[in-house]
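Novice: First the structure, which I've put down as structure tokens, then a few questions once you've had a look.
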Amino acid sequence: MNEKTRTRVGGPEDPRKGLEAVVALRRTLEALEAAQVENAFMAGWSWARIAEVLGVSKQAVHKKHAGRIRAKYPGRPPGRKGRER
Amino acid sequence: MMFTRFTDRSRKSVEAALEEARMLGHDSLGDEDLLLGILRVDEGLAAEALASLGVTLEDAREESEEMLSEALSSIGISLEEVRREAGDAFEMRIPEGRRIPFSPRAKKALVEARRRMRRMGDNHFGTEHVLLGILHTEDGAAVSMLARMGIAPETLEERLFELRGRAAS
């Protein structure tokens with residue numbers, strides 16, 4: 001039964017490889033989220049709008065990303081010009 | 001982490017490991033990061049043994065990135081495409097404010113290192129003990145990484161003891 005399940009999910013047969021893929025994906029997901037939040041912010045999106053699309057609270061997005069992005073662009077005013085709401 | 005009896009070098013190498021982990025986007029400090037830390041500090045018996053077998057920091061970092069990329073490929077994801085899609089803002093680096101804990105394997109490696117130190121009758125905790133701990137960590141990522149670079153753990157261990165013997169005489 002085990003054999004079959006593994007084949008069906010199409011993942012690597014080796015459990016270790018499968019678990020390592022999870023770790024790699026988690027790390028990549030974190031980096032991708034950071035990048036896309038930064039992209040949206042620099043494109044003038046508000047924290048509220050970013051949070052809405054991500055499906056989380058504004059506080060959560062702000063807490064996780066604001067410090068990093070502000071530190072990366074010191075002196076530059078937050079890209080809020082194109083704010084739509 | 002237990003930092004007692006660390007030599008300056010081994011303490012520095014653990015700090016460097018943390019920096020390597022952060023740079024590579026490792027959300028916990030793994031046994032392979034301990035290896036990268038030793039290479040980064042580039043002092044002491046362990047670094048000497050690694051260098052004599054042609055292991056460089058740059059190669060080791062590359063292997064680490066390659067291993068991540070291959071793990072993603074195994075589930076049909078191309079890191080290159082993710083990178084391209086996200087643009088210049090994409091970086092694996094962990095932001096400064098986020099804490100990076102030791103992974104269970106890194107802890108095991110350090111515990112093993114301490115055991116080896118005692119068995120060898122040493123009372124300083126040097127980079128050579130850290131390296132031995134890493135090499136004897138079951139299922140360790142550092143050992144896989146070294147294998148990919150064509151280095152067998154036994155060869156490295158042998159070289160380490162050779163250099164140690166030479167230093168002692």
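Ordering of the structure tokens sets the chain letters (A, B, ...), residue numbers begin anew at 1 in every chain, and ligands are numbered from 1 in the order given.
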Check every residue of chain B for an atom within 7 Å of chain A, counting only C-alpha atoms, and provide those that qualify as a compact mmCIF listing (two decimals) with C-alpha atoms, in the first residue's frame.

Specialist:
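Just written: selection.txt:
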# COMPACT_ATOMS: atom_id res chain seq x y z
CA GLY B 25 18.15 31.54 3.70
CA HIS B 26 18.48 28.65 6.13
CA ASP B 27 15.74 29.27 8.68
CA LEU B 68 18.13 23.49 -2.51
CA ALA B 71 15.13 19.58 -3.92
CA LEU B 72 12.76 22.07 -5.55
CA SER B 74 12.15 17.12 -7.45
CA ILE B 75 8.68 18.60 -6.90
CA ALA B 86 10.00 37.85 -8.45
CA ALA B 89 13.78 41.91 -4.78
CA PHE B 90 14.12 38.13 -4.50
CA GLU B 91 16.85 36.99 -2.15
CA MET B 92 17.09 33.93 0.04
CA PRO B 95 16.15 39.36 7.44

Novice: Excluding Leu54 (chain A) and its own-chain neighbours fewer than 3 positions away, which residues fall within 12 Å of it when counting only C-alpha atoms? Please give them as an mmCIF file with C-alpha atoms, in the first residue's frame.

Specialist:
data_model
loop_
_atom_site.group_PDB
_atom_site.id
_atom_site.type_symbol
_atom_site.label_atom_id
_atom_site.label_comp_id
_atom_site.auth_asym_id
_atom_site.auth_seq_id
_atom_site.Cartn_x
_atom_site.Cartn_y
_atom_site.Cartn_z
ATOM 1 C CA GLU A 33 6.747 36.421 -0.048
ATOM 2 C CA ALA A 34 9.346 38.957 1.063
ATOM 3 C CA GLN A 36 6.533 40.185 -3.706
ATOM 4 C CA VAL A 37 5.500 42.245 -0.687
ATOM 5 C CA ALA A 40 3.914 45.639 -4.195
ATOM 6 C CA TRP A 47 -0.136 47.553 3.650
ATOM 7 C CA ALA A 48 -3.887 47.086 3.848
ATOM 8 C CA ARG A 49 -4.185 46.201 0.208
ATOM 9 C CA ILE A 50 -1.164 43.878 0.285
ATOM 10 C CA ALA A 51 -2.592 42.159 3.358
ATOM 11 C CA SER A 57 -4.252 40.899 8.659
ATOM 12 C CA LYS A 58 -2.638 44.239 7.944
ATOM 13 C CA ALA A 60 0.655 40.664 10.349
ATOM 14 C CA VAL A 61 2.082 41.953 7.069
#

Novice: Can you work out which one of B:Val111, B:His124, B:Val41, B:Glu66 has the shortest atom-to-atom distance to Arg148 (chain B), counting only C-alpha atoms?

Specialist: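 Using only C-alpha atoms, the shortest distance to Arg148 (chain B) belongs to B:Glu66.
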
Novice: Quick check, in Å to one decimal: how far apart do CA of Leu160 (chain B) and CA of Glu128 (chain B) lie?

Specialist: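 CA of Leu160 (chain B) sits 7.2 Å away from CA of Glu128 (chain B).
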
Novice: Rounded to one decimal place, report the CA of Gly126 (chain B)-CA of Ser10 (chain B) distance in Å.

Specialist: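 Distance reported for this atom pair: 5.2 Å.
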
Novice: Within 10 Å of region 43-49 of chain B, counting only C-alpha atoms, which residues qualify if same-chain residues fewer than 6 places away don't, as a ChimeraX atom specification?

Specialist: /B:9-10,12-13,35-37,55-57,126-132,155-164,167

Novice: Considering only C-alpha atoms, state which residue in the set B:Ala141, B:Leu146, B:Ala152, B:Leu79 is at the smallest distance from Ala106 (chain B).

Specialist: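 Looking only at the distances to Ala106 (chain B), the closest residue turns out to be B:Ala141.
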